[in-house]
file run09.txt (compact mmCIF, C-alpha atoms and all ligand atoms)
# COMPACT_ATOMS: atom_id res chain seq x y z
CA MET A 314 20.50 -35.00 24.08
CA ILE A 315 19.82 -31.71 25.82
CA LEU A 316 21.32 -32.86 29.10
CA ALA A 317 24.64 -33.64 27.44
CA THR A 318 25.42 -29.95 26.93
CA ARG A 319 23.74 -28.49 29.97
CA SER A 320 26.85 -27.58 31.95
CA SER A 321 28.36 -25.54 29.12
CA CYS A 322 25.03 -23.77 28.62
CA CYS A 323 24.69 -22.87 32.29
CA HIS A 324 27.97 -21.12 31.72
CA LEU A 325 26.52 -19.29 28.72
CA LEU A 326 23.54 -18.21 30.81
CA SER A 327 25.74 -16.70 33.48
CA VAL A 328 28.08 -14.99 30.99
CA SER A 329 25.13 -13.34 29.29
CA LEU A 330 23.68 -12.15 32.58
CA MET A 331 27.00 -10.68 33.66
CA LYS A 332 27.12 -8.60 30.47
CA ASN A 333 23.57 -7.38 31.11
CA VAL A 334 23.12 -6.24 27.50
CA LEU A 335 20.81 -7.34 24.73
CA PRO A 336 22.51 -10.12 22.77
CA GLN A 337 23.49 -9.37 19.19
CA HIS A 338 20.98 -11.75 17.63
CA ILE A 339 18.16 -9.56 18.95
CA GLU A 340 19.68 -6.36 17.67
CA HIS A 341 21.01 -7.54 14.32
CA GLY A 342 18.31 -9.91 13.10
CA VAL A 343 20.32 -13.12 13.06
CA CYS A 344 17.15 -15.19 13.58
CA ARG A 345 13.66 -15.00 12.03
CA PRO A 346 11.87 -11.69 12.72
CA ALA A 347 9.08 -13.41 14.68
CA LEU A 348 11.63 -14.92 17.05
CA ALA A 349 13.73 -11.75 17.28
CA ASN A 350 10.61 -9.77 18.22
CA SER A 351 9.58 -12.33 20.81
CA LEU A 352 13.08 -12.37 22.35
CA LEU A 353 13.10 -8.59 22.47
CA ARG A 354 9.66 -8.36 24.08
CA VAL A 355 10.51 -10.88 26.79
CA SER A 356 13.90 -9.29 27.39
CA GLU A 357 12.37 -5.83 27.79
CA GLN A 358 9.17 -6.71 29.68
CA CYS A 359 10.26 -9.43 32.09
CA THR A 360 11.33 -8.03 35.46
CA ARG A 361 12.66 -11.41 36.66
CA CYS A 362 10.17 -11.37 39.52
CA GLN A 363 10.16 -15.21 39.52
CA ARG A 364 6.36 -15.47 39.86
CA CYS A 365 6.11 -17.85 36.89
CA VAL A 366 9.17 -19.83 37.94
CA PHE A 367 7.56 -20.83 41.22
CA GLU A 368 5.17 -23.40 39.68
CA CYS A 369 7.07 -24.53 36.56
CA ALA A 370 9.76 -27.21 36.72
CA PHE A 371 11.09 -26.21 33.29
CA LEU A 372 11.71 -22.59 34.34
CA LYS A 373 13.00 -23.72 37.71
CA GLN A 374 15.74 -25.64 35.95
CA TYR A 375 16.64 -23.21 33.17
CA GLY A 376 15.87 -19.80 34.66
CA ASP A 377 13.22 -17.12 34.29
CA PRO A 378 12.11 -16.06 30.79
CA LYS A 379 14.43 -13.02 30.62
CA THR A 380 17.43 -15.16 31.51
CA ILE A 381 16.55 -17.59 28.73
CA ALA A 382 15.86 -14.81 26.19
CA ASP A 383 19.05 -12.89 26.93
CA SER A 384 21.18 -16.02 26.79
CA PHE A 385 19.63 -17.45 23.64
CA ASP A 386 22.15 -18.39 20.98
CA PRO A 387 20.58 -19.44 17.66
CA ASP A 388 23.73 -21.28 16.65
CA ASN A 389 23.67 -23.47 19.73
CA ARG A 390 21.61 -26.67 19.50
CA PHE A 391 21.04 -26.68 23.26
CA PHE A 392 19.11 -23.40 23.19
CA LEU A 393 17.17 -24.41 20.09
CA GLN A 394 16.02 -27.70 21.61
CA LEU A 395 15.46 -26.42 25.15
CA PRO A 396 11.77 -25.42 24.64
CA HIS A 397 10.84 -29.01 23.79
CA GLU A 398 10.91 -29.53 27.57
CA CYS A 399 8.25 -26.81 27.99
CA ASN A 400 4.58 -27.87 27.84
CA LEU A 401 3.48 -24.69 26.03
CA CYS A 402 0.78 -24.59 28.70
CA SER A 403 0.70 -20.76 29.11
CA HIS A 404 0.64 -20.94 32.90
CA CYS A 405 3.56 -18.48 32.92
CA THR A 406 1.65 -16.17 30.60
CA ALA A 407 -1.43 -16.35 32.85
CA VAL A 408 0.35 -15.56 36.11
CA CYS A 409 2.62 -12.79 34.80
CA SER A 410 1.39 -9.36 35.87
CA HIS A 411 3.78 -7.61 33.45
CA GLY A 412 2.14 -8.87 30.26
CA VAL A 413 5.01 -11.19 29.28
CA ASP A 414 4.14 -14.16 27.04
CA PRO A 415 6.93 -16.72 27.57
CA LYS A 416 4.92 -19.49 25.91
CA ALA A 417 4.93 -17.52 22.63
CA LEU A 418 8.72 -17.22 22.87
CA PHE A 419 9.19 -20.95 23.45
CA LEU A 420 6.96 -21.81 20.47
CA GLU A 421 8.97 -19.42 18.29
CA ILE A 422 12.23 -21.06 19.37
CA ARG A 423 10.75 -24.46 18.45
CA ARG A 424 9.93 -23.07 15.00
CA GLU A 425 13.45 -21.70 14.65
CA SER A 426 14.85 -25.12 15.56
CA VAL A 427 12.85 -26.75 12.75
CA VAL A 428 13.96 -24.12 10.22
CA ARG A 429 17.58 -24.73 11.25
CA GLY A 430 17.18 -28.50 10.90
CA VAL A 431 17.63 -29.46 14.56
CA GLY A 432 13.97 -29.48 15.64
CA GLU A 433 12.99 -33.06 14.86
CA LEU A 434 13.72 -35.05 18.00
CA PRO A 435 13.49 -38.85 17.83
CA GLU A 436 11.41 -38.74 21.04
CA HIS A 437 8.57 -37.25 18.96
CA ASN A 438 8.45 -39.97 16.29
CA GLY A 439 5.49 -41.70 17.95
CA LEU A 440 3.54 -38.45 18.18
CA ARG A 441 4.24 -37.63 14.54
CA ARG A 442 3.10 -41.10 13.46
CA TYR A 443 -0.09 -40.72 15.54
CA GLU A 444 -0.84 -37.51 13.68
CA GLN A 445 -0.05 -39.02 10.31
CA VAL A 446 -2.38 -41.96 10.95
CA GLY A 447 -5.13 -39.43 11.79
CA THR A 448 -4.71 -37.65 8.46
CA SER A 449 -4.37 -40.85 6.42
CA GLN A 450 -6.83 -42.04 3.81
CA ARG A 451 -7.72 -45.08 5.90
CA TYR A 452 -8.62 -43.17 9.07
CA SER A 453 -10.01 -39.89 7.74
CA TRP A 454 -13.55 -39.38 6.50
CA TYR A 455 -15.66 -36.34 5.68
CA GLY A 456 -19.45 -36.69 5.47
CA LEU A 457 -21.36 -33.57 4.42
CA PRO A 458 -25.14 -33.89 3.99
CA GLU A 459 -27.10 -31.78 1.51
CA GLY A 460 -27.11 -28.10 2.59
CA CYS A 461 -24.38 -28.66 5.18
CA ASP A 462 -22.84 -25.46 6.54
CA THR A 463 -21.78 -26.82 9.96
CA VAL A 464 -19.56 -29.81 10.76
CA PHE A 465 -18.82 -31.70 13.96
CA PHE A 466 -15.06 -32.26 14.42
CA PRO A 467 -14.73 -34.78 17.28
CA GLY A 468 -10.92 -35.13 17.05
CA CYS A 469 -8.71 -38.24 17.17
CA SER A 470 -8.65 -38.62 20.92
CA LEU A 471 -12.40 -38.61 21.66
CA THR A 472 -13.18 -40.86 18.68
CA GLY A 473 -10.52 -43.36 19.69
CA SER A 474 -11.35 -43.48 23.38
CA ARG A 475 -15.16 -43.02 23.21
CA PRO A 476 -16.67 -44.23 19.93
CA GLU A 477 -20.23 -44.51 21.31
CA THR A 478 -20.04 -41.10 22.95
CA THR A 479 -18.74 -39.64 19.68
CA LEU A 480 -21.67 -41.09 17.73
CA LYS A 481 -24.20 -40.03 20.39
CA SER A 482 -22.80 -36.49 20.37
CA TYR A 483 -23.22 -36.40 16.62
CA GLU A 484 -26.78 -37.77 16.83
CA LEU A 485 -27.71 -35.09 19.35
CA LEU A 486 -26.19 -32.39 17.16
CA GLN A 487 -28.18 -33.77 14.19
CA SER A 488 -31.38 -33.40 16.21
CA MET A 489 -30.50 -29.72 16.70
CA ILE A 490 -28.92 -28.98 13.29
CA PRO A 491 -30.35 -31.49 10.75
CA SER A 492 -27.76 -30.78 8.03
CA VAL A 493 -24.73 -31.00 10.34
CA GLY A 494 -21.84 -32.96 8.80
CA ILE A 495 -18.93 -34.75 10.43
CA VAL A 496 -15.19 -34.68 9.83
CA LEU A 497 -12.94 -37.48 11.08
CA ASP A 498 -9.45 -36.07 10.67
CA CYS A 499 -6.55 -34.73 12.71
CA CYS A 500 -6.23 -30.97 13.26
CA THR A 501 -2.40 -31.44 13.10
CA LYS A 502 -1.83 -29.60 16.37
CA PRO A 503 1.10 -31.93 17.15
CA SER A 504 3.03 -30.51 14.17
CA HIS A 505 1.99 -26.99 15.14
CA ASP A 506 3.32 -27.43 18.65
CA LEU A 507 6.49 -29.17 17.52
CA GLY A 508 7.28 -26.03 15.54
CA ASP A 509 6.77 -27.61 12.11
CA GLU A 510 4.98 -24.53 10.86
CA ASP A 511 5.14 -25.15 7.09
CA TYR A 512 3.79 -28.70 7.39
CA PHE A 513 1.04 -27.61 9.78
CA GLN A 514 -0.02 -24.69 7.56
CA ALA A 515 -0.08 -26.92 4.47
CA MET A 516 -2.10 -29.71 6.10
CA PHE A 517 -4.53 -27.56 8.06
CA GLY A 518 -4.84 -25.08 5.19
CA GLU A 519 -5.80 -27.86 2.76
CA MET A 520 -8.45 -29.13 5.18
CA THR A 521 -10.05 -25.75 5.80
CA ALA A 522 -9.93 -24.86 2.09
CA PHE A 523 -11.89 -28.05 1.33
CA LEU A 524 -14.46 -27.21 4.00
CA ARG A 525 -14.92 -23.64 2.77
CA GLU A 526 -15.16 -24.76 -0.87
CA HIS A 527 -18.02 -27.07 0.13
CA GLY A 528 -20.03 -24.40 1.94
CA VAL A 529 -18.97 -25.10 5.53
CA LYS A 530 -19.05 -21.98 7.67
CA GLN A 531 -19.02 -23.35 11.20
CA VAL A 532 -16.97 -26.05 12.98
CA LEU A 533 -18.09 -27.58 16.29
CA THR A 534 -15.19 -29.12 18.20
CA ALA A 535 -15.21 -31.57 21.11
CA CYS A 536 -11.47 -31.37 21.81
CA PRO A 537 -10.07 -28.12 23.24
CA ASN A 538 -6.89 -28.63 21.21
CA CYS A 539 -8.83 -28.76 17.95
CA TYR A 540 -10.84 -25.77 19.17
CA GLU A 541 -7.72 -23.67 19.61
CA VAL A 542 -6.36 -24.65 16.20
CA PHE A 543 -9.60 -23.84 14.36
CA LYS A 544 -10.07 -20.63 16.35
CA ASP A 545 -6.55 -19.38 15.63
CA TYR A 546 -6.09 -20.60 12.05
CA GLY A 547 -9.51 -21.50 10.64
CA GLU A 548 -9.85 -18.43 8.47
CA GLY A 549 -13.41 -17.90 7.24
CA LEU A 550 -14.81 -20.47 9.69
CA THR A 551 -16.64 -19.86 12.96
CA THR A 552 -15.48 -22.19 15.72
CA ARG A 553 -17.59 -23.22 18.70
CA SER A 554 -17.11 -25.96 21.25
CA VAL A 555 -19.84 -28.60 21.44
CA TYR A 556 -20.11 -27.75 25.14
CA GLU A 557 -21.38 -24.33 24.20
CA VAL A 558 -23.85 -25.85 21.74
CA LEU A 559 -25.02 -28.71 24.01
CA ASN A 560 -25.31 -26.49 27.08
CA GLY A 561 -28.78 -26.93 28.61
CA ARG A 562 -29.17 -30.57 27.52
CA GLN A 563 -30.29 -33.13 30.11
CA CYS A 564 -29.13 -36.70 30.70
CA PRO A 565 -31.24 -39.40 28.97
CA GLY A 566 -34.63 -39.68 30.65
CA GLY A 567 -33.98 -36.46 32.55
CA VAL A 568 -31.86 -38.32 35.13
CA LYS A 569 -30.42 -35.89 37.69
CA LEU A 570 -26.96 -36.47 39.11
CA VAL A 571 -26.12 -35.71 42.71
CA GLY A 572 -22.86 -34.55 44.26
CA SER A 573 -19.92 -32.20 43.79
CA VAL A 574 -17.18 -32.31 41.19
CA ILE A 575 -14.04 -30.40 40.35
CA VAL A 576 -13.57 -29.28 36.76
CA HIS A 577 -10.17 -29.64 35.19
CA ASP A 578 -9.85 -26.96 32.53
CA PRO A 579 -7.35 -28.23 29.94
CA CYS A 580 -4.39 -25.85 29.70
CA VAL A 581 -5.23 -25.19 26.07
CA ALA A 582 -8.62 -23.81 27.24
CA ARG A 583 -6.97 -21.56 29.84
CA PHE A 584 -8.20 -18.34 28.25
CA ASP A 585 -11.38 -19.78 26.68
CA THR A 586 -13.87 -18.39 29.18
CA THR A 587 -16.84 -19.27 26.94
CA SER A 588 -16.12 -23.02 27.02
CA GLN A 589 -15.16 -22.88 30.71
CA GLN A 590 -18.52 -21.39 31.63
CA ALA A 591 -20.49 -23.64 29.26
CA VAL A 592 -18.94 -26.73 30.88
CA ARG A 593 -19.85 -25.53 34.36
CA ASP A 594 -23.39 -24.66 33.27
CA MET A 595 -23.76 -28.10 31.68
CA LEU A 596 -22.68 -29.82 34.89
CA GLU A 597 -25.11 -27.72 36.95
CA THR A 598 -27.91 -28.64 34.51
CA LEU A 599 -27.04 -32.32 34.99
CA GLY A 600 -27.48 -31.76 38.74
CA LEU A 601 -23.86 -31.54 39.87
CA LYS A 602 -22.33 -28.84 42.03
CA VAL A 603 -19.04 -27.47 40.70
CA GLU A 604 -16.32 -26.66 43.21
CA GLU A 605 -13.48 -24.39 42.14
CA THR A 606 -9.86 -24.79 43.28
CA GLU A 607 -6.76 -22.62 43.13
CA TYR A 608 -6.08 -24.29 39.78
CA SER A 609 -9.42 -23.56 38.12
CA ARG A 610 -9.97 -21.69 34.85
CA GLU A 611 -7.09 -19.35 33.91
CA LYS A 612 -4.83 -20.76 36.65
CA THR A 613 -5.28 -24.38 35.57
CA LEU A 614 -2.32 -26.75 35.31
CA CYS A 615 -1.32 -28.92 32.37
CA CYS A 616 -1.94 -32.69 32.53
CA GLY A 617 1.69 -33.09 31.42
CA LYS A 618 0.97 -33.94 27.78
CA GLY A 619 0.99 -30.37 26.46
CA GLY A 620 3.38 -29.53 23.63
CA GLY A 621 4.67 -33.11 23.44
CA ALA A 622 7.06 -32.24 26.30
CA GLY A 623 6.16 -35.41 28.16
CA TYR A 624 8.12 -37.41 25.58
CA VAL A 625 11.28 -35.37 26.19
CA ALA A 626 11.16 -34.51 29.89
CA PRO A 627 8.62 -36.79 31.59
CA ASP A 628 9.95 -36.16 35.09
CA LYS A 629 9.38 -32.42 34.78
CA THR A 630 6.01 -32.55 33.07
CA ARG A 631 4.55 -35.10 35.50
CA ILE A 632 4.89 -32.54 38.29
CA TRP A 633 1.96 -30.50 36.92
CA ALA A 634 -0.53 -33.36 37.36
CA THR A 635 0.84 -34.19 40.80
CA LYS A 636 0.29 -30.59 41.92
CA LEU A 637 -3.20 -30.45 40.50
CA LEU A 638 -4.22 -33.75 42.07
CA GLY A 639 -2.89 -32.52 45.42
CA GLY A 640 -5.82 -30.08 45.56
CA VAL A 641 -8.51 -32.57 44.54
CA HIS A 642 -8.85 -34.34 47.93
CA ASN A 643 -10.66 -37.41 46.57
CA ARG A 644 -13.42 -35.39 44.92
CA PRO A 645 -14.37 -36.58 41.40
CA LEU A 646 -12.69 -34.73 38.56
CA VAL A 647 -14.42 -33.80 35.30
CA SER A 648 -12.52 -32.81 32.19
CA TYR A 649 -13.57 -31.89 28.66
CA CYS A 650 -10.41 -33.16 27.00
CA ALA A 651 -10.16 -36.92 26.33
CA SER A 652 -6.35 -36.88 26.68
CA CYS A 653 -6.42 -35.09 30.05
CA THR A 654 -9.17 -37.44 31.25
CA LYS A 655 -6.99 -40.43 30.41
CA VAL A 656 -4.01 -39.02 32.33
CA PHE A 657 -5.97 -38.16 35.49
CA ALA A 658 -8.10 -41.33 35.45
CA LYS A 659 -4.96 -43.32 36.24
CA GLU A 660 -4.71 -41.48 39.56
CA THR A 661 -8.22 -40.49 40.67
CA PRO A 662 -11.88 -40.94 39.59
CA THR A 663 -12.10 -38.76 36.48
CA HIS A 664 -14.98 -38.39 34.03
CA HIS A 665 -15.24 -36.93 30.59
CA LEU A 666 -18.12 -34.46 30.53
CA LEU A 667 -19.72 -36.15 27.51
CA ASP A 668 -19.74 -39.52 29.34
CA LEU A 669 -21.71 -37.85 32.13
CA LEU A 670 -24.18 -36.45 29.61
CA PHE A 671 -24.82 -39.66 27.65
CA ALA A 672 -24.18 -42.47 30.15
CA PRO A 673 -24.25 -40.77 33.56
CA GLU A 674 -24.88 -43.73 35.83
CA GLY A 675 -22.22 -45.89 34.15
CA ALA A 676 -19.71 -43.05 34.26
CA LEU A 677 -20.29 -42.34 37.94
CA ALA A 678 -20.11 -46.05 38.75
CA GLY A 679 -16.66 -46.09 37.13
CA LYS A 680 -17.77 -48.18 34.14
CA ALA A 681 -16.50 -45.68 31.56
CA ARG A 682 -13.08 -47.32 31.37
CA GLU A 683 -10.24 -45.67 29.51
CA THR A 684 -9.47 -47.33 26.18
CA ARG A 685 -5.90 -48.27 25.41
CA THR A 686 -3.88 -48.50 22.24
CA PRO A 687 -4.37 -50.38 19.90
CA MET A 688 -8.13 -50.42 20.64
CA THR A 689 -8.24 -46.65 20.15
CA TYR A 690 -7.26 -47.15 16.49
CA LEU A 691 -9.86 -49.86 16.00
CA ASN A 692 -12.53 -47.60 17.54
CA ARG A 693 -11.76 -44.87 15.06
CA LEU A 694 -12.20 -47.30 12.17
CA LYS A 695 -15.48 -48.53 13.70
CA VAL A 696 -16.85 -44.98 13.91
CA LYS A 697 -15.87 -44.33 10.31
CA LYS A 698 -17.48 -47.58 9.15
CA GLN A 699 -20.70 -46.84 11.02
CA LEU A 700 -20.98 -43.33 9.62
CA ARG A 701 -20.27 -44.46 6.05
CA ARG A 702 -23.03 -47.03 6.39
CA THR A 703 -25.71 -44.81 7.91
CA LEU A 704 -25.16 -41.17 7.00
CA SER A 705 -26.95 -39.72 4.01
CA THR A 706 -24.40 -37.46 2.33
CA ALA A 707 -24.01 -35.12 -0.62
CA VAL A 708 -20.20 -34.92 -0.35
CA THR A 709 -17.73 -37.39 1.13
CA ARG A 710 -13.99 -37.72 1.04
CA GLU A 711 -11.09 -39.62 2.49
CA ARG A 712 -7.98 -37.54 2.72
CA THR A 713 -5.22 -38.28 0.25
CA PHE A 714 -3.32 -34.99 0.50
CA HIS A 715 0.01 -35.01 2.30
CA ALA A 716 2.30 -32.01 2.48
CA ARG A 717 5.31 -34.30 2.61
CA GLU A 718 6.35 -37.73 3.71
CA LEU A 719 7.27 -38.30 7.33
CA LYS A 720 11.03 -38.06 7.50
CA THR A 721 11.30 -40.74 10.13
CA LYS A 722 9.68 -43.40 7.94
CA SER A 723 10.13 -44.40 4.36
CA LYS A 724 7.07 -44.18 2.14
CA LEU A 725 6.82 -47.95 2.06
CA GLY A 726 7.20 -48.14 5.82
CA LYS A 727 4.44 -45.61 6.36
CA GLN A 728 2.06 -47.40 4.00
CA LEU A 729 2.77 -50.69 5.72
CA LEU A 730 2.15 -49.09 9.11
CA ILE A 731 -1.20 -47.59 8.15
CA GLY A 732 -2.33 -50.52 6.02
CA LEU A 733 -1.38 -53.32 8.37
CA LEU A 734 -2.54 -51.70 11.60
CA PRO A 735 -6.19 -52.82 11.22
CA VAL A 736 -5.04 -56.34 10.31
CA ALA A 737 -2.86 -56.46 13.41
CA LEU A 738 -5.77 -55.22 15.51
CA GLY A 739 -8.09 -57.88 14.11
CA LEU A 740 -5.57 -60.62 14.84
CA LEU A 741 -5.11 -59.28 18.36
CA LEU A 742 -8.84 -59.33 19.03
CA LEU A 743 -9.20 -62.82 17.56
CA SER A 744 -6.38 -64.06 19.75
CA ARG A 745 -8.22 -62.67 22.78
CA GLY A 746 -11.45 -64.35 21.71
CA ILE A 747 -13.33 -61.04 21.50
CA PHE A 748 -15.08 -62.03 18.28
CA SER A 749 -15.95 -65.53 19.46
S1 LIG B 1 6.11 -13.60 36.00
FE1 LIG B 1 6.50 -12.28 34.23
S2 LIG B 1 7.95 -10.72 34.95
FE2 LIG B 1 7.95 -12.37 36.49
S3 LIG B 1 9.68 -13.69 35.86
FE3 LIG B 1 7.81 -14.52 34.91
S4 LIG B 1 7.72 -13.57 32.87
FE4 LIG B 1 9.18 -12.37 34.10
S1 LIG B 2 5.76 -25.33 30.87
FE1 LIG B 2 4.05 -23.84 30.85
S2 LIG B 2 4.52 -22.45 32.56
FE2 LIG B 2 6.41 -23.54 32.09
S3 LIG B 2 7.49 -22.22 30.63
FE3 LIG B 2 6.31 -23.67 29.43
S4 LIG B 2 4.40 -22.58 28.99
FE4 LIG B 2 5.37 -21.51 30.69
call {"tool": "encode", "arguments": {"input": "run09.txt", "output": "structure tokens"}}
result
Amino acid sequence: MILATRSSCCHLLSVSLMKNVLPQHIEHGVCRPALANSLLRVSEQCTRCQRCVFECAFLKQYGDPKTIADSFDPDNRFFLQLPHECNLCSHCTAVCSHGVDPKALFLEIRRESVVRGVGELPEHNGLRRYEQVGTSQRYSWYGLPEGCDTVFFPGCSLTGSRPETTLKSYELLQSMIPSVGIVLDCCTKPSHDLGDEDYFQAMFGEMTAFLREHGVKQVLTACPNCYEVFKDYGEGLTTRSVYEVLNGRQCPGGVKLVGSVIVHDPCVARFDTTSQQAVRDMLETLGLKVEETEYSREKTLCCGKGGGAGYVAPDKTRIWATKLLGGVHNRPLVSYCASCTKVFAKETPTHHLLDLLFAPEGALAGKARETRTPMTYLNRLKVKKQLRRTLSTAVTRERTFHARELKTKSKLGKQLLIGLLPVALGLLLLSRGIFS
């Protein structure tokens, strides 16, 4: 869709640069104030030094941030949809020595595209459905024990890929905070990143209002994406990563691991120095030596999944992971994001930090296999079932609130999808003889 109009837009880019003036939409408020301000900031601050362009395939193709800002035309679908090829990974923001925040601009353009009715790309239908399953009545579950003021929020990805690790993490947290509750739900970051601001605010706002109304003050996240969402939007709630809370814990039986690992900091944790350090301290406590690379901490690279860009421009987004793996040199990789772990595990030995904590020998022996769809959905239902059966609670809920129906599916279609998924999974497992 974007490629179809690229040649005409390259022309627009060059025309705008020749004029070398601020476009009218910046000066006369044609677009939303948040976007106009972002365009203006980038246009004024960016010196076109090309430092950020060097690593990013998206900028390499479409030009440095000032070029994109000065050429932006809010009435042109090409410019509105362009940022869906950007991973929103903030690498450009991290390397810029002039204080420019191109990622913020690209997110604002995504939001503008949704407001103008051209932001919903068919490539994102699967991602939107994934999110909607996570927030559905069948998959969500809140369990708050008596006196609960802290909840564990494991996130869709960890629960689906590592049900045992999710439950063990919760058990360990219970031993430290006896009244800790658990929330199985989606933080709706996909909608946030796709620019669907109203839907995100409605869904996330309803969730956090429920938590606050029931006395929750602190949220412990296992997924760096959930962490960022709660940190930025969880008004009235304190957010901490479980890595910060579990820091100092030993493997079962005090087993010590031996060797060196490289940590992959998820791009969403690029500026989260607290979690970055906690993860390294945890690994050292487990006995492992952490080696840093040119892509550690703030300079980390995206796994390619960020911002849903992999669905729109897979060839561009794959380049990030290829670059990162180029510096690994066969050393084991450790991540603290289940989605990143899955991406890198296809290419090189990669461990999730929580697997190393709870099942270290199996993880190092390569037995912690990545779970595939549709098993990830079944795992989430298994975790919910187990918790409902065993947890003593004062308050529970399954989520029935929805800000609006998914536009890409009829109501009936959505209900069939969510309702029949477990049946389909059961039939699949039976056909494979797993229950025999
Ligand atoms: S690094 Fe900063 S100043 Fe240089 S091109 Fe990128 S945004 Fe502009
Ligand atoms: S992909 Fe990352 S580095 Fe490239 S423009 Fe987007 S946020 Fe910046």
call {"tool": "residues_near_ligand", "arguments": {"input": "run09.txt", "ligand": "ligand LIG 1 (chain B)", "cutoff": "12 Å", "atoms": "only C-alpha atoms and all ligand atoms", "output": "PyMOL selection string"}}
result
chain A and resi 352+354-369+372-373+376-382+403-418
call {"tool": "atom_distance", "arguments": {"input": "run09.txt", "atom1": "atom CA of A:Gly439", "atom2": "atom CA of A:Lys659"}}
result
21.1 Å
call {"tool": "axis_aligned_box", "arguments": {"input": "run09.txt", "around": "ligand LIG 2 (chain B)", "padding_each_side": "5 Å", "output": "lines of an AutoDock Vina configuration file"}}
result
center_x = 5.8
center_y = -23.4
center_z = 30.8
size_x = 13.4
size_y = 13.8
size_z = 13.6
call {"tool": "closest_residue", "arguments": {"input": "run09.txt", "among": "A:Val542, A:Leu704, A:Ile422, A:Leu497", "to": "A:His397", "atoms": "all atoms listed in the file"}}
result
A:Ile422
call {"tool": "atom_distance", "arguments": {"input": "run09.txt", "atom1": "atom CA of A:Glu711", "atom2": "atom CA of A:Val696"}}
result
13.9 Å
call {"tool": "atom_distance", "arguments": {"input": "run09.txt", "atom1": "atom CA of A:Gln514", "atom2": "atom CA of A:Glu557"}}
result
27.1 Å
call {"tool": "residues_near_point", "arguments": {"input": "run09.txt", "point": "(0.7, -31.7, 31.1)", "cutoff": "7 Å", "atoms": "all atoms listed in the file", "output": "list in words"}}
result
Asn400, Cys615, Cys616, Gly617, Lys618, Gly619, Thr630, Arg631, Trp633 and Ala634 of chain A
call {"tool": "closest_residue", "arguments": {"input": "run09.txt", "among": "A:Leu646, A:Ser705, A:Asp506, A:Leu638", "to": "A:Gly572", "atoms": "all atoms listed in the file"}}
result
A:Leu646
call {"tool": "residues_around", "arguments": {"input": "run09.txt", "residues": "A:Cys469", "least_positions_apart": "2", "cutoff": "12 Å", "atoms": "all atoms listed in the file", "output": "VMD selection string"}}
result
chain A and resid 443 to 449 452 to 454 466 to 467 471 to 476 479 496 to 503 534 to 539 650 to 652 689 to 694 696 to 697
call {"tool": "write_last_selection", "arguments": {"input": "run09.txt", "atoms": "C-alpha atoms", "output": "short mmCIF file (atom, residue, chain, number, x, y, z; two decimals), in the coordinates of the input"}}
result
data_model
loop_
_atom_site.label_atom_id
_atom_site.label_comp_id
_atom_site.auth_asym_id
_atom_site.auth_seq_id
_atom_site.Cartn_x
_atom_site.Cartn_y
_atom_site.Cartn_z
CA TYR A 443 -0.09 -40.72 15.54
CA GLU A 444 -0.84 -37.51 13.68
CA GLN A 445 -0.05 -39.02 10.31
CA VAL A 446 -2.38 -41.96 10.95
CA GLY A 447 -5.13 -39.43 11.79
CA THR A 448 -4.71 -37.65 8.46
CA SER A 449 -4.37 -40.85 6.42
CA TYR A 452 -8.62 -43.17 9.07
CA SER A 453 -10.01 -39.89 7.74
CA TRP A 454 -13.55 -39.38 6.50
CA PHE A 466 -15.06 -32.26 14.42
CA PRO A 467 -14.73 -34.78 17.28
CA LEU A 471 -12.40 -38.61 21.66
CA THR A 472 -13.18 -40.86 18.68
CA GLY A 473 -10.52 -43.36 19.69
CA SER A 474 -11.35 -43.48 23.38
CA ARG A 475 -15.16 -43.02 23.21
CA PRO A 476 -16.67 -44.23 19.93
CA THR A 479 -18.74 -39.64 19.68
CA VAL A 496 -15.19 -34.68 9.83
CA LEU A 497 -12.94 -37.48 11.08
CA ASP A 498 -9.45 -36.07 10.67
CA CYS A 499 -6.55 -34.73 12.71
CA CYS A 500 -6.23 -30.97 13.26
CA THR A 501 -2.40 -31.44 13.10
CA LYS A 502 -1.83 -29.60 16.37
CA PRO A 503 1.10 -31.93 17.15
CA THR A 534 -15.19 -29.12 18.20
CA ALA A 535 -15.21 -31.57 21.11
CA CYS A 536 -11.47 -31.37 21.81
CA PRO A 537 -10.07 -28.12 23.24
CA ASN A 538 -6.89 -28.63 21.21
CA CYS A 539 -8.83 -28.76 17.95
CA CYS A 650 -10.41 -33.16 27.00
CA ALA A 651 -10.16 -36.92 26.33
CA SER A 652 -6.35 -36.88 26.68
CA THR A 689 -8.24 -46.65 20.15
CA TYR A 690 -7.26 -47.15 16.49
CA LEU A 691 -9.86 -49.86 16.00
CA ASN A 692 -12.53 -47.60 17.54
CA ARG A 693 -11.76 -44.87 15.06
CA LEU A 694 -12.20 -47.30 12.17
CA VAL A 696 -16.85 -44.98 13.91
CA LYS A 697 -15.87 -44.33 10.31
#
call {"tool": "closest_residue", "arguments": {"input": "run09.txt", "among": "A:Lys629, A:His664, A:Arg562, A:Arg717", "to": "ligand LIG 2 (chain B)", "atoms": "only C-alpha atoms and all ligand atoms"}}
result
A:Lys629
